[in-house]
Amino acid sequence: MNIIETHNLTRRFWKMEAVHGLDLAVPEGSVTALLGPNGAGKSTTIKVLMNLLQPTSGDARVLGVDSRRLGPREFAQIGYVSENQQQPLWMSVQQLLDYCRPFYPTWDRGLERTLLAQFALPPERKLKHLSRGMLMKAVLLSVLPYRPKLLVLDEPFSGLDALMRDEFVRGILEVSALGNWTVLVSSHDIEEVERLADHVALLDAGRLRLSESAETLQGRFRRVEVTGAPAGATPPPGAIEWEQAGGLTRFIETGYAGEATERAWRERFGGATVTAYPMSLREIFLSFARTGRGEAKIAVA
Amino acid sequence: MNLVWHIVKKDLRRLWVPLALWSLLVAFQVVVGLTLLWSNRSADLAWFDRMADYSHMLLGLDLLFAYVLVAALVHDDSLVGSHVFWRTRPLAGGRLLGAKLLAAALMFGVLPVVIWLPWWLACHYGWRDVLGAVPEILGMHAVVVMAALLVATLTDTLGRFLAWTIMLAITLATLGMTLMSLSHGAYWWKSQAHGAFKFVESTQGLVESRAVLIFVVLLAVIAIVVIQQFVARRPAWVFGQVLAGFVVAALIAMQSPWDWSVVWRPAQEFPKFEQSVKLAENITLSLDQARLWQSPDETSKWSQPRVAVGLVAGGVPEGLEIYGRFSEQTWRWADGSRIYRVGGPFGAAGSPLKSLGLPIQKMDPGYLKWMEERRLSRSPDGGWGPSLYSEIQIGWGGARGLIPGASMTRAQAARIQAEPPAYTINAQFGLVQPEVQWELPILSGDRHWIDRVSLRIAQALQREDQQRNFSTKKMQKVSSMQIAVIESKPTSCVEGLKALPPLRDIADWYEPNPIIREWIGHRLVNRDRGNFSEGYGNQLKVRIGTVELSELTAEFHAPNDWRGDGQWESQPHWFEKVTLVKTTAHEVARFRRELTVARFETQP
């Protein structure tokens with residue numbers, strides 16, 4: 001079952017199309033990373049999902065409800081953390097928790113205390129006096145004690161230094177271990193979510209490039225090096241970033257299927273030595289980004 | 001409800017510092033009021049005026065600060081933008097609206113009432129007065145809150161809020177002025193085209209009713225916009241709603257035929273037609289005497305001949321006094337030629353002597369004789385000519401009070417004298433009910449409560465001066481008393497609104513002669529001697545928290561005894577047993593009378 005589903009979702013700002021025909025599914029219990037460069041439409045997508053913006057066309061369903069009809073009952077099961085969200089900075093951490101608590105019937109004070117200690121946040125310090133990383137942790141803390149079914153994190157790592165980012169990721173990992181929560185996290189930098197995500201969706205220029213589990217994605221992507229390929233060899237179907245330099249040929253295989261693919265390579269490249277390397281999500285993301293820009297350049301030309 | 005209260009507590013905690021500052025502004029108004037009420041300095045008119053200015057300034061700041069506070073209240077959970085904290089929390093817009101309204105009610109309803117309460121109690125307000133004052137305080141702040149809510153729900157920062165406010169104020173002022181000029185033009189134009197178009201008579205009541213209706217429509221538009229913004233958040237709809245509101249307001253301003261002013265005007269302030277007929281049924285009008293005066297010097301600035309007509313009004317009901325409001329006079333000759341004059345108020349409302357139980361004071365016969373001799377001996381430039389004195393309620397009437405240019409030409413005057421014409425006067429009169437509002441002994445510093453009116457004689461200073469007699473040019477002794485009285489009284493919302501200069505000006509513009517008239521006078525009365533002295537001075541008023549505070553500073557001269565040959569002498573020890581009396585005269589009826597005389601014969 002999918003916690004989030006969008007169908008042909010489009011959002012325009014006047015003539016500028018921020019999201020175009022998006023079909024996205026976030027499976028229940030998954031940690032889904034919504035990836036894409038700046039301006040790809042990630043935050044717009046999330047704002048539509050959270051009913052902060054209205055879709056121009058298409059529809060989105062969150063927890064089985066049309067996003068335009070999300071109300072208090074649904075938000076009692078959703079935790080939303082965004083780098084851009086205005087926070088009541090005049091409150092202390094404890095005041096923030098005290099203020100949020102009555103809105104959630106399922107608020108767990110024990111979990112609140114545990115998380116407060118775990119996140120090492122000073123309860124009496126005002127939010128405006130917290131560092132950016134601590135502020136994000138405080139906001140995260142305010143959405144966790146009611147054990148939301150869906151946790152939506154919009155660019156939560158922006159502006160955080162490496163140490164803070166690591167702490168934040170660890171915090172989410174610890175929390176996600178506490179229950180079967182669905183997490184949708186958006187970021188423009190895959191490194192931040194690589195440890196978290198078990199499902200990946202890639203947005204570029206408002207369009208969905210891919211959406212699948214991280215395991216599948218990493219399984220079908222290989223960086224391939226061919227030594228001694230015959231002259232005039234052509235890229236196999238599904239190959240991207242094809243390049244030849246001297247006797248060395250490099251490309252990225254997007255449809256790797258184990259032995260069958262390797263057999264096809266051997267047939268295509270004759271007696272050449274073919275070595276396939278697994279790719280990290282970051283490498284996959286970058287190659288997609290490069291390919292996308294190349295396509296965009298071609299389209300412009 | 002718990003959640004609503006939870007949000008309210010959050011808002012009050014958030015805004016407690018500005019709220020405390022705002023409370024101080026309200027409290028300072030109370031302090032100014034108490035100071036004016038109790039201070040010994042309040043005999044100083046300039047100081048009173050300065051304190052009144054402070055009070056107005058504090059009230060302005062109070063309303064301005066409240067306006068900005070509403071913005072802070074709404075912006076803390078802003079309705080605009082996609083970054084708002086509360087929008088992704090389990091909080092319905094309706095509940096948030098309820099919380100904001102409750103917070104606003106506590107901040108701008110309960111809090112000011114609590115602060116004003118000591119002031120009202122100090123002014124001897126009873127529970128009925130408090131119940132009357134509370135809606136005014138609430139209403140005044142409600143208007144500010146509603147206006148601020150409109151702008152605050154459409155903005156998310158104070159800067160934008162202020163910028164929108166300025167834009168809205170300019171738009172409203174421009175629209176208001178355009179509407180007023182358009183509507184006034186429309187009335188005038190329609191009145192020129194009787195019959196051809198539907199004629200809507202513009203009266204103060206109609207204008208007031210239209211203003212109220214426009215106010216209600218604007219409030220409704222604000223309510224719709226605010227609710228819509230909290231519940232649905234569709235800023236684009238707002239423009240349509242506001243535009244529709246303006247169009248409806250414009251139509252009301254120009255076309256609404258309904259006059260509901262009877263709802264907010266006390267019934268007794270309307271001289272009703274039936275009442276007027278009944279009170280005036282026995283009143284008759286007759287010509288007493290007519291005088292024609294012209295300066296023998298044709299080059300004099302007073303050379304134009306003037307006709308003075310003395311009228312006798314008989315059958316005036318006991319206790320009432322009569323005055324002339326408006327007259328049309330026509331002199332007709334047999335050959336069809338005529339002189340026509342139209343004029344405004346003539347004759348005075350008279351004095352409150354009846355209600356005071358004092359006899360009408362007659363002029364000393366010796367003085368009258370001396371005056372007449374003097375008039376006849378004076379140069380032609382010396383004055384206005386004959387004064388017509390008669391023992392009639394209306395005093396003397398006729399052409400004197402008419403509009404400028406109503407005088408005769410020398411040829412017309414000569415013809416009137418040579419061939420007495422037929423004369424007709426069609427005049428409108430008013431009947432007034434004089435009454436004594438209060439009467440106090442002159443004891444400086446004492447405070448008196450008469451019903452809910454507080455009176456304090458802040459100063460009573462008796463003086464003996466030597467003054468040059470205007471007529472004889474000789475020095476003579478004059479006894480006088482300077483009195484400063486501080487008066488406080490509760491006033492109603494309607495009275496308060498009517499006191500606002502813009503509303504008063506609009507009302508006067510549409511109806512130069514409003515039906516409701518009231519005359520107020522202060523007199524020193526010596527009942528032992530059966531006479532009184534009228535005061536001449538200044539009165540300043542200020543309205544603080546529904547209480548009207550006024551200071552009268554006036555000088556009263558002791559009545560003079562005629563000693564012959566232009567000599568007067570102040571009555572000795574006259575101030576020893578005087579009382580200070582405030583009199584009023586309310587109009588209770590209006591009626592018309594026509595008088596025709598076959599031969600208009602004049603005396604010189």
# chains A, B, ... in the order shown; residues from 1 in each chain; ligands from 1
>>> interface_residues(of="chain A", to="chain B", cutoff="9 Å", atoms="only C-alpha atoms", output="list of chain:residue names")
A:Lys47, A:Met50, A:Asn51, A:Leu52, A:Leu53, A:Gly71, A:Pro72, A:Arg73, A:Glu74, A:Phe75, A:Ala76, A:Gln77, A:Ile78, A:Gly79, A:Tyr80, A:Ser82, A:Asn84, A:Gln85, A:Gln86, A:Gln87, A:Pro88, A:Trp90, A:Met91, A:Tyr99, A:Cys100, A:Pro102, A:Phe103, A:Tyr104
>>> write_last_selection(atoms="C-alpha atoms", output="PDB file, in the first residue's frame")
ATOM      1  CA  LYS A  47       4.101  21.558  -0.539  1.00  0.00           C
ATOM      2  CA  MET A  50       1.076  18.914   2.430  1.00  0.00           C
ATOM      3  CA  ASN A  51      -1.766  21.072   1.073  1.00  0.00           C
ATOM      4  CA  LEU A  52       0.397  24.160   1.343  1.00  0.00           C
ATOM      5  CA  LEU A  53      -0.054  24.642  -2.393  1.00  0.00           C
ATOM      6  CA  GLY A  71      -7.253  18.369   7.587  1.00  0.00           C
ATOM      7  CA  PRO A  72      -6.519  18.103  11.268  1.00  0.00           C
ATOM      8  CA  ARG A  73      -7.241  14.361  11.338  1.00  0.00           C
ATOM      9  CA  GLU A  74      -4.573  13.628   8.717  1.00  0.00           C
ATOM     10  CA  PHE A  75      -2.071  16.150  10.072  1.00  0.00           C
ATOM     11  CA  ALA A  76      -2.303  14.409  13.436  1.00  0.00           C
ATOM     12  CA  GLN A  77      -0.560  11.517  11.651  1.00  0.00           C
ATOM     13  CA  ILE A  78       1.938  13.558   9.656  1.00  0.00           C
ATOM     14  CA  GLY A  79       5.190  15.064  10.811  1.00  0.00           C
ATOM     15  CA  TYR A  80       6.492  17.814   8.538  1.00  0.00           C
ATOM     16  CA  SER A  82      11.164  21.869   6.363  1.00  0.00           C
ATOM     17  CA  ASN A  84      11.900  26.919   4.995  1.00  0.00           C
ATOM     18  CA  GLN A  85       9.106  26.567   7.503  1.00  0.00           C
ATOM     19  CA  GLN A  86       8.572  29.489   9.858  1.00  0.00           C
ATOM     20  CA  GLN A  87       9.029  28.403  13.436  1.00  0.00           C
ATOM     21  CA  PRO A  88       7.824  30.100  16.612  1.00  0.00           C
ATOM     22  CA  TRP A  90      10.221  33.181  20.482  1.00  0.00           C
ATOM     23  CA  MET A  91       9.439  29.862  22.206  1.00  0.00           C
ATOM     24  CA  TYR A  99       2.460  24.030  22.683  1.00  0.00           C
ATOM     25  CA  CYS A 100       2.403  21.152  20.195  1.00  0.00           C
ATOM     26  CA  PRO A 102      -2.311  19.135  23.073  1.00  0.00           C
ATOM     27  CA  PHE A 103      -2.855  19.011  19.322  1.00  0.00           C
ATOM     28  CA  TYR A 104      -1.892  15.327  19.158  1.00  0.00           C
TER      29      TYR A 104
END
>>> residues_around(residues="Met164 of chain A", least_positions_apart="6", cutoff="9 Å", atoms="only C-alpha atoms", output="number ranges by chain")
A: 133-134, 157
>>> residues_around(residues="Tyr423 of chain B", least_positions_apart="4", cutoff="9 Å", atoms="only C-alpha atoms", output="count of residues only")
10
>>> residues_around(residues="Pro230 of chain A", least_positions_apart="6", cutoff="10 Å", atoms="only C-alpha atoms", output="ChimeraX atom specification")
/A:247,249,268-272
>>> residues_around(residues="segment 214-218 of chain B", least_positions_apart="4", cutoff="12 Å", atoms="only C-alpha atoms", output="JSON, numbers by chain")
{"B": [143, 146, 147, 150, 172, 176, 179, 207, 208, 209, 210, 222, 223, 224, 225, 241, 242, 243, 244, 245, 246, 247, 248, 249, 250, 251, 252, 253, 254, 255, 256]}
>>> write_last_selection(atoms="N, CA and C atoms", output="PDB file, in the first residue's frame")
ATOM      1  N   VAL B 143     -14.207  48.094  15.638  1.00  0.00           N
ATOM      2  CA  VAL B 143     -14.004  48.671  14.299  1.00  0.00           C
ATOM      3  C   VAL B 143     -12.522  48.583  13.918  1.00  0.00           C
ATOM      4  N   MET B 146     -11.602  44.910  13.343  1.00  0.00           N
ATOM      5  CA  MET B 146     -12.116  44.393  12.070  1.00  0.00           C
ATOM      6  C   MET B 146     -11.277  44.899  10.902  1.00  0.00           C
ATOM      7  N   ALA B 147     -10.979  46.193  10.929  1.00  0.00           N
ATOM      8  CA  ALA B 147     -10.173  46.763   9.831  1.00  0.00           C
ATOM      9  C   ALA B 147      -8.794  46.110   9.804  1.00  0.00           C
ATOM     10  N   LEU B 150      -8.819  42.512   8.475  1.00  0.00           N
ATOM     11  CA  LEU B 150      -8.905  42.429   7.020  1.00  0.00           C
ATOM     12  C   LEU B 150      -7.506  42.451   6.405  1.00  0.00           C
ATOM     13  N   LEU B 172      -9.729  54.061   0.092  1.00  0.00           N
ATOM     14  CA  LEU B 172     -11.010  54.354   0.741  1.00  0.00           C
ATOM     15  C   LEU B 172     -11.290  55.849   0.763  1.00  0.00           C
ATOM     16  N   GLY B 176     -14.328  57.407  -1.001  1.00  0.00           N
ATOM     17  CA  GLY B 176     -15.287  58.112  -0.146  1.00  0.00           C
ATOM     18  C   GLY B 176     -15.555  59.513  -0.661  1.00  0.00           C
ATOM     19  N   LEU B 179     -17.462  59.380  -3.900  1.00  0.00           N
ATOM     20  CA  LEU B 179     -18.863  59.036  -3.665  1.00  0.00           C
ATOM     21  C   LEU B 179     -19.626  60.212  -3.093  1.00  0.00           C
ATOM     22  N   VAL B 207     -28.867  60.457   5.245  1.00  0.00           N
ATOM     23  CA  VAL B 207     -27.406  60.348   5.122  1.00  0.00           C
ATOM     24  C   VAL B 207     -26.853  59.450   6.219  1.00  0.00           C
ATOM     25  N   GLU B 208     -27.370  59.631   7.423  1.00  0.00           N
ATOM     26  CA  GLU B 208     -26.925  58.783   8.538  1.00  0.00           C
ATOM     27  C   GLU B 208     -27.270  57.322   8.257  1.00  0.00           C
ATOM     28  N   SER B 209     -28.496  57.087   7.759  1.00  0.00           N
ATOM     29  CA  SER B 209     -28.927  55.709   7.478  1.00  0.00           C
ATOM     30  C   SER B 209     -28.039  55.080   6.420  1.00  0.00           C
ATOM     31  N   ARG B 210     -27.720  55.855   5.396  1.00  0.00           N
ATOM     32  CA  ARG B 210     -26.851  55.326   4.339  1.00  0.00           C
ATOM     33  C   ARG B 210     -25.463  55.022   4.890  1.00  0.00           C
ATOM     34  N   ILE B 222     -15.732  42.490   5.283  1.00  0.00           N
ATOM     35  CA  ILE B 222     -14.544  42.154   6.089  1.00  0.00           C
ATOM     36  C   ILE B 222     -14.732  40.769   6.711  1.00  0.00           C
ATOM     37  N   ALA B 223     -15.922  40.526   7.270  1.00  0.00           N
ATOM     38  CA  ALA B 223     -16.181  39.231   7.915  1.00  0.00           C
ATOM     39  C   ALA B 223     -16.034  38.087   6.909  1.00  0.00           C
ATOM     40  N   ILE B 224     -16.576  38.286   5.713  1.00  0.00           N
ATOM     41  CA  ILE B 224     -16.494  37.237   4.687  1.00  0.00           C
ATOM     42  C   ILE B 224     -15.029  36.987   4.314  1.00  0.00           C
ATOM     43  N   VAL B 225     -14.289  38.071   4.102  1.00  0.00           N
ATOM     44  CA  VAL B 225     -12.882  37.924   3.703  1.00  0.00           C
ATOM     45  C   VAL B 225     -12.098  37.200   4.804  1.00  0.00           C
ATOM     46  N   GLN B 241     -14.315  39.993  -3.718  1.00  0.00           N
ATOM     47  CA  GLN B 241     -15.215  40.291  -2.597  1.00  0.00           C
ATOM     48  C   GLN B 241     -15.137  41.769  -2.214  1.00  0.00           C
ATOM     49  N   VAL B 242     -13.910  42.290  -2.154  1.00  0.00           N
ATOM     50  CA  VAL B 242     -13.742  43.693  -1.777  1.00  0.00           C
ATOM     51  C   VAL B 242     -14.346  44.601  -2.846  1.00  0.00           C
ATOM     52  N   LEU B 243     -14.119  44.248  -4.091  1.00  0.00           N
ATOM     53  CA  LEU B 243     -14.664  45.045  -5.198  1.00  0.00           C
ATOM     54  C   LEU B 243     -16.189  45.055  -5.135  1.00  0.00           C
ATOM     55  N   ALA B 244     -16.764  43.867  -4.905  1.00  0.00           N
ATOM     56  CA  ALA B 244     -18.226  43.778  -4.797  1.00  0.00           C
ATOM     57  C   ALA B 244     -18.723  44.654  -3.657  1.00  0.00           C
ATOM     58  N   GLY B 245     -17.992  44.643  -2.541  1.00  0.00           N
ATOM     59  CA  GLY B 245     -18.353  45.476  -1.388  1.00  0.00           C
ATOM     60  C   GLY B 245     -18.376  46.947  -1.751  1.00  0.00           C
ATOM     61  N   PHE B 246     -17.359  47.395  -2.482  1.00  0.00           N
ATOM     62  CA  PHE B 246     -17.284  48.802  -2.880  1.00  0.00           C
ATOM     63  C   PHE B 246     -18.446  49.178  -3.806  1.00  0.00           C
ATOM     64  N   VAL B 247     -18.775  48.277  -4.714  1.00  0.00           N
ATOM     65  CA  VAL B 247     -19.867  48.568  -5.654  1.00  0.00           C
ATOM     66  C   VAL B 247     -21.184  48.704  -4.888  1.00  0.00           C
ATOM     67  N   VAL B 248     -21.420  47.765  -3.957  1.00  0.00           N
ATOM     68  CA  VAL B 248     -22.656  47.819  -3.163  1.00  0.00           C
ATOM     69  C   VAL B 248     -22.684  49.111  -2.341  1.00  0.00           C
ATOM     70  N   ALA B 249     -21.533  49.444  -1.741  1.00  0.00           N
ATOM     71  CA  ALA B 249     -21.467  50.670  -0.919  1.00  0.00           C
ATOM     72  C   ALA B 249     -21.776  51.899  -1.775  1.00  0.00           C
ATOM     73  N   ALA B 250     -21.253  51.902  -2.998  1.00  0.00           N
ATOM     74  CA  ALA B 250     -21.491  53.050  -3.887  1.00  0.00           C
ATOM     75  C   ALA B 250     -22.978  53.158  -4.220  1.00  0.00           C
ATOM     76  N   LEU B 251     -23.606  52.018  -4.484  1.00  0.00           N
ATOM     77  CA  LEU B 251     -25.041  52.039  -4.811  1.00  0.00           C
ATOM     78  C   LEU B 251     -25.859  52.542  -3.632  1.00  0.00           C
ATOM     79  N   ILE B 252     -25.466  52.080  -2.447  1.00  0.00           N
ATOM     80  CA  ILE B 252     -26.193  52.531  -1.246  1.00  0.00           C
ATOM     81  C   ILE B 252     -26.029  54.036  -1.091  1.00  0.00           C
ATOM     82  N   ALA B 253     -24.799  54.510  -1.255  1.00  0.00           N
ATOM     83  CA  ALA B 253     -24.527  55.948  -1.059  1.00  0.00           C
ATOM     84  C   ALA B 253     -25.371  56.807  -1.988  1.00  0.00           C
ATOM     85  N   MET B 254     -25.655  56.289  -3.161  1.00  0.00           N
ATOM     86  CA  MET B 254     -26.340  57.127  -4.140  1.00  0.00           C
ATOM     87  C   MET B 254     -27.832  56.842  -4.279  1.00  0.00           C
ATOM     88  N   GLN B 255     -28.249  55.629  -3.925  1.00  0.00           N
ATOM     89  CA  GLN B 255     -29.626  55.266  -4.257  1.00  0.00           C
ATOM     90  C   GLN B 255     -30.498  54.837  -3.081  1.00  0.00           C
ATOM     91  N   SER B 256     -29.887  54.445  -1.957  1.00  0.00           N
ATOM     92  CA  SER B 256     -30.712  53.874  -0.890  1.00  0.00           C
ATOM     93  C   SER B 256     -31.779  54.866  -0.426  1.00  0.00           C
TER      94      SER B 256
END
>>> select_by_dssp(residues="segment 55-157 of chain A", states="alpha helix (DSSP H)", output="PyMOL selection string")
chain A and resi 72-75+93-100+109-119+132-143
>>> write_last_selection(atoms="C-alpha atoms", output="CSV table (one decimal), in the first residue's frame")
chain,number,residue,atom,x,y,z
A,72,PRO,CA,-6.5,18.1,11.3
A,73,ARG,CA,-7.2,14.4,11.3
A,74,GLU,CA,-4.6,13.6,8.7
A,75,PHE,CA,-2.1,16.2,10.1
A,93,VAL,CA,12.3,24.1,23.1
A,94,GLN,CA,10.2,23.1,26.0
A,95,GLN,CA,7.5,25.7,25.2
A,96,LEU,CA,7.4,24.4,21.6
A,97,LEU,CA,6.8,20.9,22.9
A,98,ASP,CA,4.2,22.1,25.4
A,99,TYR,CA,2.5,24.0,22.7
A,100,CYS,CA,2.4,21.2,20.2
A,109,ARG,CA,5.5,12.0,26.8
A,110,GLY,CA,7.9,9.1,27.5
A,111,LEU,CA,9.1,9.2,23.9
A,112,GLU,CA,9.3,13.0,24.1
A,113,ARG,CA,11.6,12.8,27.2
A,114,THR,CA,13.7,10.0,25.5
A,115,LEU,CA,14.1,12.1,22.3
A,116,LEU,CA,14.9,15.2,24.2
A,117,ALA,CA,17.7,13.5,26.0
A,118,GLN,CA,18.8,11.7,22.9
A,119,PHE,CA,18.9,14.9,20.8
A,132,ARG,CA,20.5,25.9,12.7
A,133,GLY,CA,21.2,22.2,13.2
A,134,MET,CA,19.8,22.3,16.7
A,135,LEU,CA,16.8,24.1,15.5
A,136,MET,CA,16.1,21.4,12.9
A,137,LYS,CA,16.5,18.8,15.6
A,138,ALA,CA,14.1,20.7,17.9
A,139,VAL,CA,11.5,20.9,15.1
A,140,LEU,CA,12.1,17.2,14.4
A,141,LEU,CA,11.6,16.6,18.1
A,142,SER,CA,8.2,18.3,17.9
A,143,VAL,CA,6.9,16.0,15.2
>>> residues_around(residues="Gln482 of chain B", least_positions_apart="5", cutoff="7 Å", atoms="only C-alpha atoms", output="JSON, numbers by chain")
{"B": [460, 461, 462, 554, 555, 556]}
>>> residues_around(residues="Arg12 of chain A", least_positions_apart="6", cutoff="7 Å", atoms="only C-alpha atoms", output="ChimeraX atom specification")
/A:18-19,56
>>> write_last_selection(atoms="C-alpha atoms", output="mmCIF file, in the first residue's frame")
data_model
loop_
_atom_site.group_PDB
_atom_site.id
_atom_site.type_symbol
_atom_site.label_atom_id
_atom_site.label_comp_id
_atom_site.auth_asym_id
_atom_site.auth_seq_id
_atom_site.Cartn_x
_atom_site.Cartn_y
_atom_site.Cartn_z
ATOM 1 C CA ALA A 18 7.526 23.666 -11.397
ATOM 2 C CA VAL A 19 6.177 20.112 -11.496
ATOM 3 C CA THR A 56 -2.718 23.095 -11.027
#
>>> atom_distance(atom1="atom CA of Pro434 of chain B", atom2="atom CA of Leu524 of chain B")
16.4 Å
>>> atom_distance(atom1="atom CA of Phe239 of chain B", atom2="atom CA of Thr157 of chain B")
19.4 Å
>>> closest_residue(among="B:Ile483, B:Leu12, B:Val588, B:Ile322", to="Ala105 of chain B", atoms="only C-alpha atoms")
B:Leu12
>>> closest_residue(among="B:Ser550, B:Arg128, B:Gln603, B:Ala66", to="Arg291 of chain B", atoms="only C-alpha atoms")
B:Gln603
